[in-house]
Structures are given as C-alpha cells and as structure tokens.
>>> print(open('start.cif').read())   # mmCIF, C-alpha atoms and all ligand atoms
data_work
#
loop_
_atom_site.label_atom_id
_atom_site.label_comp_id
_atom_site.auth_asym_id
_atom_site.auth_seq_id
_atom_site.Cartn_x
_atom_site.Cartn_y
_atom_site.Cartn_z
CA MET S 9 -55.83 -74.11 6.55
CA SER S 10 -53.98 -74.05 3.21
CA LYS S 11 -54.22 -70.32 2.56
CA ALA S 12 -53.06 -67.55 4.89
CA THR S 13 -52.22 -63.86 4.75
CA ALA S 14 -49.74 -61.91 6.83
CA VAL S 15 -48.96 -58.24 7.11
CA ALA S 16 -45.37 -57.47 8.09
CA PRO S 17 -43.59 -54.16 8.61
CA SER S 18 -40.37 -52.81 7.23
CA ASN S 19 -37.69 -51.66 9.64
CA ILE S 20 -35.09 -48.93 9.75
CA ALA S 21 -31.61 -49.87 10.95
CA PHE S 22 -29.84 -47.67 13.49
CA VAL S 23 -26.74 -49.89 13.31
CA LYS S 24 -26.58 -51.27 9.78
CA TYR S 25 -26.08 -54.75 8.38
CA TRP S 26 -23.52 -54.02 5.64
CA GLY S 27 -21.28 -56.83 4.47
CA ALA S 28 -21.78 -60.57 4.90
CA ARG S 29 -19.78 -63.58 5.98
CA ASP S 30 -22.03 -65.75 3.82
CA LEU S 31 -24.17 -63.80 1.41
CA GLU S 32 -26.24 -66.77 0.18
CA GLN S 33 -27.33 -67.59 3.74
CA ALA S 34 -27.40 -63.91 4.77
CA ILE S 35 -24.94 -64.49 7.61
CA PRO S 36 -23.92 -60.92 8.44
CA ALA S 37 -20.43 -59.61 9.08
CA ASN S 38 -21.73 -57.64 12.06
CA PRO S 39 -24.65 -57.32 14.50
CA SER S 40 -27.33 -54.75 13.67
CA ILE S 41 -30.09 -52.91 15.55
CA SER S 42 -33.30 -51.54 14.06
CA MET S 43 -36.68 -50.07 14.80
CA THR S 44 -39.68 -51.88 13.35
CA LEU S 45 -42.07 -49.57 11.49
CA SER S 46 -45.85 -49.59 11.34
CA ALA S 47 -47.04 -47.82 8.15
CA CYS S 48 -44.54 -49.29 5.66
CA VAL S 49 -45.83 -52.85 5.37
CA SER S 50 -46.04 -55.79 2.97
CA LEU S 51 -49.25 -57.78 2.71
CA THR S 52 -48.67 -61.33 1.47
CA THR S 53 -51.05 -64.22 0.80
CA VAL S 54 -49.66 -67.76 0.47
CA GLU S 55 -51.68 -70.78 -0.63
CA HIS S 56 -50.21 -74.25 -0.43
CA LEU S 57 -51.09 -76.45 -3.44
CA PRO S 58 -50.07 -79.96 -2.35
CA THR S 59 -50.34 -81.59 -5.80
CA ALA S 60 -49.14 -78.70 -8.00
CA THR S 61 -45.65 -78.41 -9.47
CA GLY S 62 -44.78 -74.75 -10.31
CA THR S 63 -45.02 -71.93 -7.78
CA GLU S 64 -46.80 -68.80 -9.00
CA VAL S 65 -45.84 -65.36 -7.64
CA ARG S 66 -47.96 -62.29 -8.39
CA LEU S 67 -47.93 -58.61 -7.42
CA VAL S 68 -50.94 -56.42 -6.84
CA GLY S 69 -50.97 -53.76 -9.58
CA SER S 70 -52.06 -50.14 -9.12
CA ASN S 71 -55.63 -50.97 -10.26
CA GLY S 72 -55.84 -53.88 -7.81
CA THR S 73 -55.36 -56.66 -10.38
CA LEU S 74 -52.79 -59.41 -9.88
CA THR S 75 -49.94 -59.52 -12.40
CA PRO S 76 -46.97 -61.92 -12.60
CA ALA S 77 -44.02 -60.74 -10.51
CA PRO S 78 -40.72 -59.84 -12.27
CA ALA S 79 -38.75 -63.03 -13.00
CA GLY S 80 -35.87 -62.35 -10.57
CA PHE S 81 -38.15 -61.70 -7.61
CA ALA S 82 -40.43 -64.64 -8.48
CA LEU S 83 -37.42 -66.96 -8.60
CA ALA S 84 -36.12 -65.75 -5.21
CA VAL S 85 -39.55 -66.38 -3.65
CA GLU S 86 -39.92 -69.80 -5.31
CA ARG S 87 -36.47 -70.96 -4.19
CA HIS S 88 -37.12 -69.75 -0.68
CA LEU S 89 -40.50 -71.53 -0.51
CA ASP S 90 -38.95 -74.75 -1.86
CA ARG S 91 -36.37 -74.61 0.93
CA LEU S 92 -39.01 -73.99 3.60
CA ALA S 93 -41.26 -76.77 2.25
CA LYS S 94 -38.34 -79.18 2.44
CA GLU S 95 -37.51 -78.09 5.99
CA ILE S 96 -41.13 -78.45 7.14
CA GLY S 97 -41.55 -81.70 5.18
CA VAL S 98 -44.36 -80.86 2.74
CA GLU S 99 -44.67 -81.51 -0.99
CA GLY S 100 -46.21 -79.49 -3.78
CA ALA S 101 -46.05 -75.82 -4.77
CA PHE S 102 -47.48 -72.46 -3.73
CA SER S 103 -49.48 -69.58 -5.05
CA VAL S 104 -48.29 -66.23 -3.69
CA ALA S 105 -49.49 -62.65 -4.06
CA THR S 106 -47.93 -59.65 -2.39
CA GLU S 107 -48.18 -55.88 -2.23
CA ASN S 108 -46.28 -53.08 -0.49
CA SER S 109 -47.77 -49.97 1.03
CA PHE S 110 -44.66 -47.95 -0.02
CA PRO S 111 -42.13 -47.66 -2.91
CA SER S 112 -40.15 -50.89 -3.37
CA ALA S 113 -36.35 -51.20 -3.46
CA ALA S 114 -35.74 -47.50 -2.74
CA GLY S 115 -34.05 -47.73 0.65
CA ILE S 116 -37.18 -48.50 2.67
CA ALA S 117 -36.32 -52.19 3.09
CA SER S 118 -39.17 -53.67 1.08
CA SER S 119 -37.37 -57.02 1.09
CA ALA S 120 -37.41 -56.98 4.92
CA SER S 121 -41.18 -56.61 5.13
CA GLY S 122 -41.79 -58.82 2.10
CA PHE S 123 -39.79 -61.80 3.33
CA ALA S 124 -41.03 -61.46 6.92
CA ALA S 125 -44.62 -61.50 5.63
CA LEU S 126 -43.80 -64.48 3.40
CA ALA S 127 -42.33 -66.46 6.32
CA MET S 128 -45.33 -65.79 8.55
CA ALA S 129 -47.96 -66.44 5.86
CA THR S 130 -46.21 -69.67 4.80
CA ALA S 131 -46.08 -70.99 8.36
CA ALA S 132 -49.77 -70.18 8.82
CA ALA S 133 -50.78 -71.70 5.44
CA LEU S 134 -48.97 -74.93 6.33
CA GLY S 135 -50.35 -74.98 9.87
CA ALA S 136 -46.76 -75.09 11.15
CA SER S 137 -46.39 -73.64 14.62
CA ALA S 138 -43.30 -71.50 14.28
CA SER S 139 -41.89 -69.38 17.11
CA PRO S 140 -40.79 -65.81 16.33
CA GLU S 141 -37.19 -67.08 16.52
CA THR S 142 -37.94 -69.73 13.88
CA LEU S 143 -39.71 -67.16 11.70
CA SER S 144 -36.71 -64.86 12.09
CA GLY S 145 -34.40 -67.63 10.82
CA TRP S 146 -36.75 -68.41 7.93
CA ALA S 147 -36.97 -64.75 6.97
CA ARG S 148 -33.17 -64.45 7.06
CA ALA S 149 -32.66 -67.56 4.95
CA SER S 150 -34.55 -65.81 2.14
CA GLY S 151 -31.28 -63.95 1.52
CA SER S 152 -32.60 -60.66 2.93
CA GLY S 153 -30.93 -60.51 6.31
CA SER S 154 -32.81 -57.44 7.49
CA ALA S 155 -36.04 -59.49 7.18
CA SER S 156 -34.92 -61.43 10.26
CA ARG S 157 -35.51 -58.26 12.32
CA SER S 158 -38.98 -57.54 10.90
CA VAL S 159 -40.64 -60.50 12.65
CA PHE S 160 -40.37 -58.62 15.96
CA GLY S 161 -41.98 -55.34 16.91
CA GLY S 162 -40.34 -52.41 18.65
CA PHE S 163 -36.55 -52.23 18.86
CA VAL S 164 -34.68 -55.27 17.60
CA GLU S 165 -31.13 -56.60 17.60
CA TRP S 166 -29.87 -59.23 15.16
CA PRO S 167 -26.65 -60.56 16.70
CA GLY S 168 -25.38 -62.67 13.78
CA ASP S 169 -22.20 -63.19 15.76
CA ALA S 170 -19.29 -65.41 14.86
CA ASP S 171 -20.03 -67.96 17.65
CA ASP S 172 -23.61 -68.50 16.54
CA PRO S 173 -23.88 -67.24 12.97
CA GLU S 174 -27.48 -68.36 12.51
CA SER S 175 -28.72 -66.70 15.68
CA PRO S 176 -32.18 -65.16 15.20
CA ALA S 177 -33.02 -61.54 15.91
CA ARG S 178 -34.39 -60.65 19.36
CA GLN S 179 -36.45 -57.85 20.75
CA LEU S 180 -34.64 -55.23 22.84
CA ALA S 181 -37.76 -53.27 23.78
CA GLU S 182 -41.43 -53.24 22.82
CA ALA S 183 -42.89 -50.52 20.61
CA GLY S 184 -44.64 -48.92 23.59
CA HIS S 185 -41.29 -48.34 25.31
CA TRP S 186 -40.47 -45.29 23.13
CA PRO S 187 -42.91 -43.90 20.52
CA LEU S 188 -40.29 -42.73 18.00
CA CYS S 189 -41.33 -41.35 14.61
CA ASP S 190 -39.69 -42.01 11.25
CA VAL S 191 -40.53 -39.32 8.70
CA VAL S 192 -39.30 -40.68 5.37
CA ALA S 193 -38.44 -37.88 2.93
CA VAL S 194 -38.84 -39.56 -0.45
CA VAL S 195 -36.61 -37.83 -3.00
CA ASP S 196 -36.76 -40.63 -5.58
CA GLU S 197 -39.36 -43.39 -5.76
CA ARG S 198 -37.58 -45.44 -8.39
CA PRO S 199 -35.90 -48.73 -7.50
CA LYS S 200 -32.20 -48.21 -6.79
CA ALA S 201 -29.70 -49.09 -9.52
CA VAL S 202 -27.48 -51.27 -7.27
CA SER S 203 -29.12 -53.80 -4.93
CA SER S 204 -28.14 -54.07 -1.27
CA ARG S 205 -27.00 -57.59 -2.15
CA ASP S 206 -24.34 -56.13 -4.44
CA GLY S 207 -23.55 -53.57 -1.74
CA HIS S 208 -22.89 -56.37 0.79
CA ARG S 209 -20.77 -58.17 -1.81
CA ARG S 210 -18.60 -55.12 -2.52
CA ALA S 211 -18.38 -53.74 1.04
CA ALA S 212 -15.14 -55.48 2.01
CA THR S 213 -13.34 -53.85 -0.93
CA SER S 214 -13.62 -50.46 0.80
CA PRO S 215 -10.57 -49.38 2.82
CA TYR S 216 -12.98 -48.17 5.55
CA TYR S 217 -14.83 -51.47 5.94
CA ARG S 218 -12.51 -53.08 8.54
CA ARG S 219 -12.23 -49.87 10.54
CA ARG S 220 -16.02 -49.65 10.91
CA LEU S 221 -16.14 -53.24 12.19
CA GLU S 222 -13.60 -52.29 14.87
CA LEU S 223 -15.74 -49.33 15.94
CA LEU S 224 -19.00 -51.27 16.04
CA PRO S 225 -18.96 -52.85 19.54
CA ALA S 226 -18.97 -49.37 21.14
CA ARG S 227 -21.67 -48.15 18.75
CA LEU S 228 -23.89 -51.15 19.44
CA GLU S 229 -23.58 -50.59 23.17
CA ALA S 230 -24.34 -46.87 22.77
CA VAL S 231 -27.50 -47.65 20.78
CA ARG S 232 -28.70 -50.30 23.27
CA SER S 233 -28.16 -47.85 26.10
CA ALA S 234 -29.85 -44.94 24.24
CA ILE S 235 -32.91 -47.13 23.60
CA ARG S 236 -33.01 -48.25 27.24
CA GLN S 237 -32.84 -44.64 28.44
CA ARG S 238 -34.94 -43.13 25.62
CA ASP S 239 -32.08 -40.73 24.91
CA LEU S 240 -32.63 -39.31 21.41
CA GLU S 241 -29.46 -37.18 21.40
CA ALA S 242 -27.33 -40.24 22.17
CA LEU S 243 -29.19 -42.40 19.64
CA GLY S 244 -29.06 -39.69 16.97
CA LYS S 245 -25.31 -39.28 17.21
CA VAL S 246 -24.68 -42.97 16.49
CA LEU S 247 -27.38 -43.42 13.89
CA GLU S 248 -26.02 -40.55 11.79
CA THR S 249 -22.46 -41.86 12.06
CA GLU S 250 -23.67 -45.30 11.00
CA ALA S 251 -25.57 -43.93 8.00
CA ILE S 252 -22.58 -41.87 6.85
CA ASP S 253 -20.25 -44.87 7.27
CA LEU S 254 -22.52 -47.15 5.23
CA HIS S 255 -22.57 -44.64 2.39
CA MET S 256 -18.86 -43.86 2.71
CA ILE S 257 -18.13 -47.59 2.42
CA ALA S 258 -20.51 -47.88 -0.54
CA MET S 259 -18.92 -44.88 -2.29
CA SER S 260 -15.42 -46.24 -1.71
CA SER S 261 -16.19 -49.83 -2.73
CA ASP S 262 -14.85 -51.30 -5.94
CA PRO S 263 -16.75 -50.55 -8.10
CA PRO S 264 -18.22 -47.65 -6.14
CA ILE S 265 -21.93 -47.31 -5.36
CA HIS S 266 -23.53 -43.86 -5.19
CA TYR S 267 -26.96 -44.00 -3.59
CA TRP S 268 -27.21 -40.31 -2.69
CA LEU S 269 -28.91 -37.79 -4.96
CA SER S 270 -28.95 -34.01 -4.73
CA GLY S 271 -32.30 -34.33 -2.92
CA THR S 272 -30.61 -36.43 -0.22
CA LEU S 273 -28.23 -33.55 0.53
CA ALA S 274 -31.05 -30.99 0.42
CA VAL S 275 -32.94 -32.97 3.09
CA LEU S 276 -29.82 -33.38 5.26
CA THR S 277 -29.02 -29.65 5.00
CA ARG S 278 -32.57 -28.66 5.97
CA MET S 279 -32.54 -31.13 8.85
CA ARG S 280 -29.30 -29.68 10.22
CA ALA S 281 -30.84 -26.20 10.09
CA LEU S 282 -33.85 -27.51 12.02
CA ARG S 283 -31.53 -28.99 14.61
CA ALA S 284 -29.64 -25.72 14.91
CA ASP S 285 -33.04 -24.15 15.66
CA GLY S 286 -33.50 -26.60 18.53
CA VAL S 287 -35.59 -29.35 16.90
CA PRO S 288 -34.22 -32.76 17.96
CA VAL S 289 -34.24 -34.71 14.68
CA PHE S 290 -31.62 -37.11 13.27
CA ALA S 291 -31.17 -38.72 9.86
CA THR S 292 -30.38 -42.17 8.58
CA MET S 293 -30.39 -43.65 5.09
CA ASP S 294 -30.45 -47.28 4.00
CA ALA S 295 -29.19 -48.39 0.59
CA GLY S 296 -31.01 -45.69 -1.33
CA PRO S 297 -31.36 -41.91 -1.64
CA ASN S 298 -34.35 -41.43 0.67
CA VAL S 299 -33.83 -40.02 4.13
CA HIS S 300 -35.37 -41.36 7.34
CA LEU S 301 -35.80 -38.54 9.85
CA ILE S 302 -36.01 -39.90 13.37
CA CYS S 303 -37.72 -37.71 15.95
CA GLU S 304 -40.18 -37.79 18.84
CA PRO S 305 -43.92 -37.22 18.27
CA ASP S 306 -43.87 -33.59 19.46
CA SER S 307 -41.38 -32.66 16.68
CA GLU S 308 -43.08 -34.63 13.89
CA ALA S 309 -45.28 -31.78 12.59
CA VAL S 310 -42.44 -29.25 12.37
CA VAL S 311 -40.16 -31.79 10.66
CA CYS S 312 -42.90 -32.66 8.14
CA GLY S 313 -43.69 -28.97 7.52
CA ALA S 314 -40.03 -28.14 6.80
CA MET S 315 -39.58 -31.11 4.46
CA GLU S 316 -42.81 -30.45 2.57
CA GLU S 317 -41.43 -27.06 1.57
CA LEU S 318 -38.41 -28.59 -0.17
CA PRO S 319 -38.90 -28.94 -3.94
CA GLU S 320 -36.61 -32.00 -3.91
CA VAL S 321 -39.01 -33.95 -1.66
CA GLY S 322 -41.60 -35.76 -3.79
CA SER S 323 -43.57 -37.16 -0.86
CA LEU S 324 -43.37 -37.88 2.85
CA ILE S 325 -44.17 -41.10 4.64
CA ARG S 326 -45.09 -40.54 8.29
CA ASP S 327 -44.15 -43.72 10.04
CA ARG S 328 -43.68 -44.77 13.66
CA VAL S 329 -42.33 -47.63 15.67
CA GLY S 330 -44.68 -50.59 15.26
CA SER S 331 -45.60 -53.77 17.04
CA GLY S 332 -44.55 -56.35 14.42
CA PRO S 333 -46.22 -58.71 11.95
CA LYS S 334 -49.56 -60.49 12.25
CA THR S 335 -51.81 -62.76 10.25
CA VAL S 336 -55.06 -61.28 8.91
CA GLU S 337 -58.29 -62.85 7.68
CA GLU S 338 -58.59 -60.96 4.38
CA HIS S 339 -56.69 -62.61 1.49
CA LEU S 340 -55.33 -61.04 -1.71
CA PHE S 341 -56.89 -63.82 -3.88
O1 LIG W 401 -31.39 -57.29 4.16
P1 LIG W 401 -30.72 -56.75 2.98
O2 LIG W 401 -29.85 -57.76 2.31
O3 LIG W 401 -31.71 -56.10 2.03
O4 LIG W 401 -29.72 -55.59 3.47
C1 LIG W 401 -30.15 -54.51 4.22
C2 LIG W 401 -29.15 -53.43 4.16
C3 LIG W 401 -29.56 -52.12 4.82
O5 LIG W 401 -30.95 -51.90 4.70
C4 LIG W 401 -28.82 -51.00 4.09
C5 LIG W 401 -29.12 -52.06 6.29
C6 LIG W 401 -29.98 -52.80 7.28
O6 LIG W 401 -29.42 -53.28 8.27
O7 LIG W 401 -31.22 -52.85 7.12
#
>>> encode(input="start.cif", output="structure tokens")
Amino acid sequence: MSKATAVAPSNIAFVKYWGARDLEQAIPANPSISMTLSACVSLTTVEHLPTATGTEVRLVGSNGTLTPAPAGFALAVERHLDRLAKEIGVEGAFSVATENSFPSAAGIASSASGFAALAMATAAALGASASPETLSGWARASGSGSASRSVFGGFVEWPGDADDPESPARQLAEAGHWPLCDVVAVVDERPKAVSSRDGHRRAATSPYYRRRLELLPARLEAVRSAIRQRDLEALGKVLETEAIDLHMIAMSSDPPIHYWLSGTLAVLTRMRALRADGVPVFATMDAGPNVHLICEPDSEAVVCGAMEELPEVGSLIRDRVGSGPKTVEEHLF
C-alpha cells in the first residue's frame, strides 16, 4: 500500500508540557498528563511517491477542494517526512493532505492531532509496522511534543524524564475507565499570535518557571491518583492550578505572552458561579484563549446551557475522552 489515511485526536493536558530541554527534538522540561479527545480530530492522507523529488502538502478548504498549505506548515511536514523516510530507509517524496474538524492553532492542540495522524498515516503508507511507542516517538520528533500523547487513547502520561529523554508516552487508563467530557468554550477562533513553540522557548525567562518544576512531582502524583480513583474534585484542583501556572509563566516571560481575552475571563467567572451552585466543573486552557471545561456526562448539558448564554462564547465544542487514532479506508485524494 503506498497511500493511507489516519484520523487522530487532539488531547487536552491536565499537567502541561511548557518549556523544553531541547526544543528542536521536543524533549520536554517536565512530564505531562493529558486526556485524549474524540471529536477534535485531524484526518490526514499520505501517499508515498518513490521516484518523486518534492513533497506536496495540501489542506482541505471550506468547499472541500485541496489548496497548498501555508509555507511554514508545509516545510515542517516535509522536513518531518524526510526524517522519517531516512529512519525507515525509503527514498522519494510524499503527497499529503490534511484537515481538522476544529479551529487550528487556537489552543485546541491541532498540531498534536495533525502530527499524530501524519505519523500513523506515514507508517501505514510505507507498510512499516510501527508500535504505538514508535509512533509516539515519531509524532514527538515532528517538534510538537504533545503529539506524542495523541497516539494513545484515554488518559496518557508522557514522562520525558531526564534519564530517558526520548521516552514515548504511555497510557495510564483506557477511555472507558472514566467518561469525562471536555466542553470547549470557543471565545476566539483565530490562530493565536504567539505559537506554543515560542512559549516553550520563553518559558524559562519567567521567575515562576523553576518554582513550578519543583511543585510538579506532587501534582503529577495527584493527577495519576485522581484518574485512578475517578475523583473529579481532586483532578479539578490540580488542572486549574496547572492552567493558571502555564498562563502566569507565559504572562511573566520575556517578552510576555498574553493568551487570555476578556471572553476567557467571562467563561471562568461563569464556571465559578456554576461550581458555587454545586455543578462539578473545572477549567483548563492550553496556549490560547479558549477554555476547556472538564466535567462528567451528567453535568454536560447544564455547563453547555450556561456557556451558550454568554455573548463572549462564539461556539461550543462538545468533546469527550476518546480511544485514540486509527487508519481509515476513505482517502482525501
Ligand atoms: O506540543 P506543543 O509544542 O504544541 O506544545 C503544547 C503546549 C500545550 O498545549 C500548552 C500544553 C500541552 O501539554 O499540551
């Protein structure tokens, strides 16, 4: 088979990857833990062209037609595929097309789903039998570290520890273990002005960066334990602290990065009022203004209803924990 298509989910981090030991290789400064999603996905078709020279990367436009991808993204994909081809030992070039089911680069980790889908589709197109651990390493080597977590379903830890910096992500629990919801309150669909790559680069300039690293071992253990015991209160406490710390570090980096908008605060304020009324819901934000509201299925409708009433919320994405990527028979070209 020289053409294959994979659909891979995004993920939302409970303990964030923020800051790198080696940014080019996406070797993180700290371990992270995330939940793999199911509705926010990237669909990617890869065709191997053994005698071609240039790799072509296209995006699916709103009317379904394929258009050339922006130069920066196309170059990142081409470089990544060249590296994989070398590692697997094949010659030639590739034709790639990809689409997201959700707004790109707005704090919903489109690079995580995109590069996980690319790794899986490439392995399938080349007929290479790659274990999930290998795919995790390939996805990470794209430069988007969070992609290493998106090759597993359910709840996932990416250790990235100092003893074994290239360690792949691993599953902590399957999706069926705890059917958590992620209601994404989208307050701005536009791509963020500062990439997470620049955020990782600047993180260590914040006076709070080192302190967070010191606090992380206890947070990681609390999140593992909360997942094991399906304890939303315990999980929520840490995931909110982690989100605030990421943004506090971003805002106090040199130069500072401000991802929050007034809509972000409106969503957080409404969520706290819901919680005061007894609805167990907790918020996290990645590198963007949109808010991920984590709750259990029996609170999802009330959370959605409250957020829909806010004028600052442009749209809602109702997502849930998902079971990970897969190859599909239908191709994009
Ligand atoms: O994988 P990257 O380089 O796009 O960085 C991801 C950064 C966050 O989404 C903010 C946190 C995380 O762990 O997913």
>>> residues_around(input="start.cif", residues="range 271-285 of chain S", least_positions_apart="3", cutoff="10 Å", atoms="all atoms listed in the file", output="VMD selection string")
chain S and resid 193 to 196 267 to 268 288 to 293 296 to 301 310 to 311 314 to 315 318 to 322
>>> closest_atom_pairs(input="start.cif", of="chain S", to="ligand LIG 401 (chain W)", cutoff="7 Å", atoms="all atoms listed in the file", output="Markdown table")
| residue | atom | partner | partner_atom | distance |
| --- | --- | --- | --- | --- |
| S:Ile20 | CA | W:LIG401 | O7 | 6.1 |
| S:Ala21 | CA | W:LIG401 | O6 | 4.9 |
| S:Val23 | CA | W:LIG401 | O6 | 6.6 |
| S:Lys24 | CA | W:LIG401 | O6 | 3.8 |
| S:Tyr25 | CA | W:LIG401 | O6 | 3.7 |
| S:Trp26 | CA | W:LIG401 | C2 | 5.9 |
| S:Ser40 | CA | W:LIG401 | O6 | 6.0 |
| S:Gly115 | CA | W:LIG401 | O5 | 6.6 |
| S:Ala117 | CA | W:LIG401 | O5 | 5.6 |
| S:Ser119 | CA | W:LIG401 | O3 | 5.8 |
| S:Ala120 | CA | W:LIG401 | O1 | 6.1 |
| S:Gly151 | CA | W:LIG401 | O2 | 6.4 |
| S:Ser152 | CA | W:LIG401 | O1 | 3.8 |
| S:Gly153 | CA | W:LIG401 | O1 | 3.9 |
| S:Ser154 | CA | W:LIG401 | O1 | 3.6 |
| S:Ala155 | CA | W:LIG401 | O1 | 6.0 |
| S:Ser204 | CA | W:LIG401 | O4 | 5.2 |
| S:Arg205 | CA | W:LIG401 | O2 | 5.3 |
| S:Asp294 | CA | W:LIG401 | C4 | 4.1 |
| S:Ala295 | CA | W:LIG401 | C4 | 4.4 |
>>> closest_residue(input="start.cif", among="S:Arg178, S:His339, S:His208, S:Lys334", to="Ala127 in chain S", atoms="only C-alpha atoms")
S:Lys334
>>> residues_around(input="start.cif", residues="range 71-73 of chain S", least_positions_apart="2", cutoff="10 Å", atoms="all atoms listed in the file", output="number ranges by chain")
S: 66-69, 75, 107, 340-341
>>> closest_atom_pairs(input="start.cif", of="range 68-171 of chain S", to="range 59-63 of chain S", cutoff="10 Å", atoms="only C-alpha atoms", output="CSV")
residue,atom,partner,partner_atom,distance
S:Ala82,CA,S:Thr63,CA,8.6
S:Leu83,CA,S:Thr63,CA,9.1
S:Val85,CA,S:Thr63,CA,8.8
S:Glu86,CA,S:Thr63,CA,6.1
S:Arg87,CA,S:Thr63,CA,9.3
S:Leu89,CA,S:Thr63,CA,8.6
S:Asp90,CA,S:Thr63,CA,8.9
S:Glu99,CA,S:Thr59,CA,7.4
S:Gly100,CA,S:Thr59,CA,5.1
S:Ala101,CA,S:Thr63,CA,5.0
S:Phe102,CA,S:Thr63,CA,4.8
S:Ser103,CA,S:Thr63,CA,5.7
S:Val104,CA,S:Thr63,CA,7.7
>>> closest_residue(input="start.cif", among="S:Leu51, S:Ala14, S:Leu45, S:Val192", to="Ile325 in chain S", atoms="all atoms listed in the file")
S:Val192
>>> axis_aligned_box(input="start.cif", around="range 96-112 of chain S", padding_each_side="5 Å", output="lines of an AutoDock Vina configuration file")
center_x = -44.8
center_y = -64.7
center_z = 1.0
size_x = 19.3
size_y = 44.0
size_z = 22.2
>>> closest_residue(input="start.cif", among="S:Glu174, S:Glu55, S:Glu304, S:Glu250", to="Trp186 in chain S", atoms="only C-alpha atoms")
S:Glu304
>>> decode(input="start.cif", residues="range 53-60 of chain S", atoms="all heavy atoms", output="PDB file, in the first residue's frame")
ATOM      1  N   THR S  53      -4.143  12.168   4.856  1.00  0.00           N
ATOM      2  CA  THR S  53      -3.802  11.148   3.862  1.00  0.00           C
ATOM      3  C   THR S  53      -2.353  11.358   3.438  1.00  0.00           C
ATOM      4  O   THR S  53      -1.941  12.492   3.183  1.00  0.00           O
ATOM      5  CB  THR S  53      -4.717  11.262   2.625  1.00  0.00           C
ATOM      6  OG1 THR S  53      -6.064  11.037   3.039  1.00  0.00           O
ATOM      7  CG2 THR S  53      -4.329  10.249   1.561  1.00  0.00           C
ATOM      8  N   VAL S  54      -1.582  10.271   3.396  1.00  0.00           N
ATOM      9  CA  VAL S  54      -0.184  10.325   2.954  1.00  0.00           C
ATOM     10  C   VAL S  54      -0.012   9.332   1.815  1.00  0.00           C
ATOM     11  O   VAL S  54      -0.403   8.163   1.937  1.00  0.00           O
ATOM     12  CB  VAL S  54       0.779   9.943   4.110  1.00  0.00           C
ATOM     13  CG1 VAL S  54       2.218   9.864   3.617  1.00  0.00           C
ATOM     14  CG2 VAL S  54       0.669  10.947   5.258  1.00  0.00           C
ATOM     15  N   GLU S  55       0.564   9.803   0.707  1.00  0.00           N
ATOM     16  CA  GLU S  55       0.918   8.880  -0.376  1.00  0.00           C
ATOM     17  C   GLU S  55       2.425   8.935  -0.580  1.00  0.00           C
ATOM     18  O   GLU S  55       3.003  10.027  -0.665  1.00  0.00           O
ATOM     19  CB  GLU S  55       0.200   9.269  -1.678  1.00  0.00           C
ATOM     20  CG  GLU S  55       0.521   8.297  -2.790  1.00  0.00           C
ATOM     21  CD  GLU S  55      -0.311   8.521  -4.046  1.00  0.00           C
ATOM     22  OE1 GLU S  55      -0.884   9.619  -4.209  1.00  0.00           O
ATOM     23  OE2 GLU S  55      -0.371   7.579  -4.860  1.00  0.00           O
ATOM     24  N   HIS S  56       3.035   7.766  -0.640  1.00  0.00           N
ATOM     25  CA  HIS S  56       4.482   7.720  -0.878  1.00  0.00           C
ATOM     26  C   HIS S  56       4.722   7.670  -2.377  1.00  0.00           C
ATOM     27  O   HIS S  56       4.130   6.843  -3.085  1.00  0.00           O
ATOM     28  CB  HIS S  56       5.069   6.471  -0.196  1.00  0.00           C
ATOM     29  CG  HIS S  56       6.534   6.337  -0.398  1.00  0.00           C
ATOM     30  ND1 HIS S  56       7.149   5.133  -0.641  1.00  0.00           N
ATOM     31  CD2 HIS S  56       7.525   7.276  -0.408  1.00  0.00           C
ATOM     32  CE1 HIS S  56       8.451   5.323  -0.787  1.00  0.00           C
ATOM     33  NE2 HIS S  56       8.701   6.615  -0.641  1.00  0.00           N
ATOM     34  N   LEU S  57       5.598   8.569  -2.878  1.00  0.00           N
ATOM     35  CA  LEU S  57       5.907   8.629  -4.308  1.00  0.00           C
ATOM     36  C   LEU S  57       7.392   8.285  -4.450  1.00  0.00           C
ATOM     37  O   LEU S  57       8.254   9.180  -4.326  1.00  0.00           O
ATOM     38  CB  LEU S  57       5.608  10.037  -4.842  1.00  0.00           C
ATOM     39  CG  LEU S  57       4.194  10.580  -4.526  1.00  0.00           C
ATOM     40  CD1 LEU S  57       4.103  12.072  -4.787  1.00  0.00           C
ATOM     41  CD2 LEU S  57       3.139   9.818  -5.318  1.00  0.00           C
ATOM     42  N   PRO S  58       7.717   7.012  -4.670  1.00  0.00           N
ATOM     43  CA  PRO S  58       9.113   6.565  -4.557  1.00  0.00           C
ATOM     44  C   PRO S  58      10.085   7.257  -5.508  1.00  0.00           C
ATOM     45  O   PRO S  58      11.270   7.381  -5.200  1.00  0.00           O
ATOM     46  CB  PRO S  58       9.041   5.057  -4.882  1.00  0.00           C
ATOM     47  CG  PRO S  58       7.604   4.691  -4.794  1.00  0.00           C
ATOM     48  CD  PRO S  58       6.793   5.919  -5.002  1.00  0.00           C
ATOM     49  N   THR S  59       9.585   7.747  -6.676  1.00  0.00           N
ATOM     50  CA  THR S  59      10.546   8.336  -7.618  1.00  0.00           C
ATOM     51  C   THR S  59      10.449   9.861  -7.676  1.00  0.00           C
ATOM     52  O   THR S  59      11.168  10.513  -8.422  1.00  0.00           O
ATOM     53  CB  THR S  59      10.310   7.766  -9.035  1.00  0.00           C
ATOM     54  OG1 THR S  59       8.927   8.004  -9.360  1.00  0.00           O
ATOM     55  CG2 THR S  59      10.626   6.276  -9.100  1.00  0.00           C
ATOM     56  N   ALA S  60       9.541  10.443  -6.891  1.00  0.00           N
ATOM     57  CA  ALA S  60       9.362  11.908  -6.940  1.00  0.00           C
ATOM     58  C   ALA S  60      10.430  12.607  -6.108  1.00  0.00           C
ATOM     59  O   ALA S  60      11.111  11.978  -5.291  1.00  0.00           O
ATOM     60  CB  ALA S  60       7.976  12.270  -6.426  1.00  0.00           C
TER      61      ALA S  60
END
